[in-house]
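Enquirer: Quick one: the structure is below, questions incoming.
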Amino acid sequence: MLILLLLLIACEGQLSSGDGGVSSDTSPEHQSMMDEITKLHEDVADLDEELASMKSKHQSVAFFSYLTDNIVDPPVGTHVAFRGVDVNRGGAYDATTGVFTAPVSGTYSLGFTASVKPETSPHGIHFVLMKNGSHEMHVFLDGQTQIWLQRYSNTVVHLNEGDTVWMEIISVEGSNTVAGRGGNLDEEDDYNTNFMGFLIHAD
């Protein structure tokens with residue numbers, strides 16, 4: 001690209017008159033040079049567009065977020081906000097809302113882990129990965145008592161630039177405590193419930 005720019009400067013300098021004006025020469029040689037300058041301008045524009053496309057395709061996008069505090073008996077419709085963030089390459093994950101917004105169109109891997117504490121009676125809770133308001137992946141924790149429930153699920157999806165994804169609770173039964181970090185009975189500092197994703201390949 002630098003060579004093209006130097007050629008443009010040299011050619012345009014040759015076409016300038018001594019007083020800084022543009023030559024009025026209409027000879028075939030002059031017209032040929034003008035055509036060459038026009039093509040060089042187009043080549044530079046094409047290179048700029050190709051460079052922007054290459055930067056977009058090599059963009060690094062990844063996030064890892066986790067639930068910081070326990071959520072006790074969350075109602076249906078709860079949008080889970082994972083306020084702890086260890087990784088947010090590209091800045092596309094919003095910890096205040098729990099929403100990831102695709103910064104570039106492409107193929108993404110998205111994963112979710114949920115942990116629920118033991119209860120003394122039957123209980124269950126269903127999560128769903130939402131994409132622009134539509135169901136994309138379900139994670140069910142059902143029917144056990146006196147033991148911890150934990151589920152992990154992963155999916156690969158195509159997202160267009162500006163598409164949004166988040167985790168939402170769509171069904172509950174009985175009493176449920178979704179465990180945040182450090183919510184274990186043994187007080188270990190674990191990532192009990194987390195939401196993650198990364199760009200596999202841009203379009």
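Each chain in the structure tokens gets a letter, A, B, ..., in the order shown, and its residues are numbered from 1; ligands are numbered from 1 in order too.
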Leaving out region 92-95 of chain A and any residue of its chain fewer than 2 positions from it, which residues lie within 8 Å of it when counting only C-alpha atoms, given as a list in words?

Expert: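 Answer for this query is Val61, Phe63, Ser65, Ala81, Phe82, Arg83, Gly84, Val85, Asn88, Arg89, Gly90, Thr97, Gly98, Val99, Phe100, Thr101, Ala102 and Pro103 of chain A.
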
Enquirer: So the first atom is CA of Gln59 (chain A) and the second is CA of Asn132 (chain A); what is the distance between them in Å, to one decimal place?

Expert: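 Computing it gives 22.4 Å between the two atoms.
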
Enquirer: Could you tell me which of A:Ala202, A:Val76, A:Met33, A:Ala62 comes closest to Glu161 (chain A) if we count only C-alpha atoms?

Expert: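 When distances to Glu161 (chain A) are compared using only C-alpha atoms, the smallest one comes from A:Ala202.
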
Enquirer: In Å, rounded to a single decimal, give me how far CA of Ser134 (chain A) is from CA of Arg151 (chain A).

Expert: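 Going from CA of Arg151 (chain A) over to CA of Ser134 (chain A) covers 21.1 Å.
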
Enquirer: When you count only C-alpha atoms, which of these residues is closest to Val87 (chain A): A:Thr177, A:Asn194, A:Thr107, A:Ser27?

Expert: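 That would be A:Asn194, the residue with the smallest distance to Val87 (chain A).
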
Enquirer: Check region 11-184 of chain A with DSSP on the backbone and list each residue it calls alpha helix (DSSP H), as number ranges by chain.

Expert: A: 11-15, 28-57

Enquirer: Next, write the just-selected residues to a file, as a JSON list (two decimals), in the first residue's frame, keeping C-alpha atoms as the atom set.

Expert:
[["chain", "number", "residue", "atom", "x", "y", "z"],
["A", 11, "CYS", "CA", 2.06, 11.01, -10.50],
["A", 12, "GLU", "CA", -0.03, 13.83, -9.09],
["A", 13, "GLY", "CA", 3.13, 15.90, -8.63],
["A", 14, "GLN", "CA", 3.98, 15.46, -12.30],
["A", 15, "LEU", "CA", 0.51, 16.61, -13.29],
["A", 28, "PRO", "CA", -2.82, 11.05, -24.88],
["A", 29, "GLU", "CA", 0.11, 10.70, -22.48],
["A", 30, "HIS", "CA", -1.61, 12.98, -19.98],
["A", 31, "GLN", "CA", -4.91, 11.09, -20.25],
["A", 32, "SER", "CA", -3.10, 7.78, -19.82],
["A", 33, "MET", "CA", -1.48, 9.03, -16.64],
["A", 34, "MET", "CA", -4.83, 10.29, -15.34],
["A", 35, "ASP", "CA", -6.35, 6.87, -15.96],
["A", 36, "GLU", "CA", -3.46, 5.26, -14.10],
["A", 37, "ILE", "CA", -3.97, 7.59, -11.11],
["A", 38, "THR", "CA", -7.67, 6.74, -11.02],
["A", 39, "LYS", "CA", -6.85, 3.03, -11.01],
["A", 40, "LEU", "CA", -4.28, 3.53, -8.24],
["A", 41, "HIS", "CA", -6.90, 5.32, -6.14],
["A", 42, "GLU", "CA", -9.26, 2.38, -6.66],
["A", 43, "ASP", "CA", -6.53, -0.11, -5.74],
["A", 44, "VAL", "CA", -5.79, 1.75, -2.51],
["A", 45, "ALA", "CA", -9.51, 1.77, -1.63],
["A", 46, "ASP", "CA", -9.72, -1.98, -2.33],
["A", 47, "LEU", "CA", -6.69, -2.64, -0.13],
["A", 48, "ASP", "CA", -8.19, -0.60, 2.70],
["A", 49, "GLU", "CA", -11.41, -2.64, 2.49],
["A", 50, "GLU", "CA", -9.49, -5.93, 2.41],
["A", 51, "LEU", "CA", -7.40, -4.90, 5.41],
["A", 52, "ALA", "CA", -10.53, -3.98, 7.40],
["A", 53, "SER", "CA", -12.06, -7.36, 6.51],
["A", 54, "MET", "CA", -8.90, -9.22, 7.59],
["A", 55, "LYS", "CA", -8.84, -7.38, 10.93],
["A", 56, "SER", "CA", -12.51, -8.27, 11.50],
["A", 57, "LYS", "CA", -11.93, -11.96, 10.76]]

Enquirer: Take CA of Gly182 (chain A) and CA of Pro122 (chain A) and report the distance between them in Å, one decimal.

Expert: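 Atom-to-atom, CA of Gly182 (chain A) and CA of Pro122 (chain A) are spaced 24.0 Å apart.
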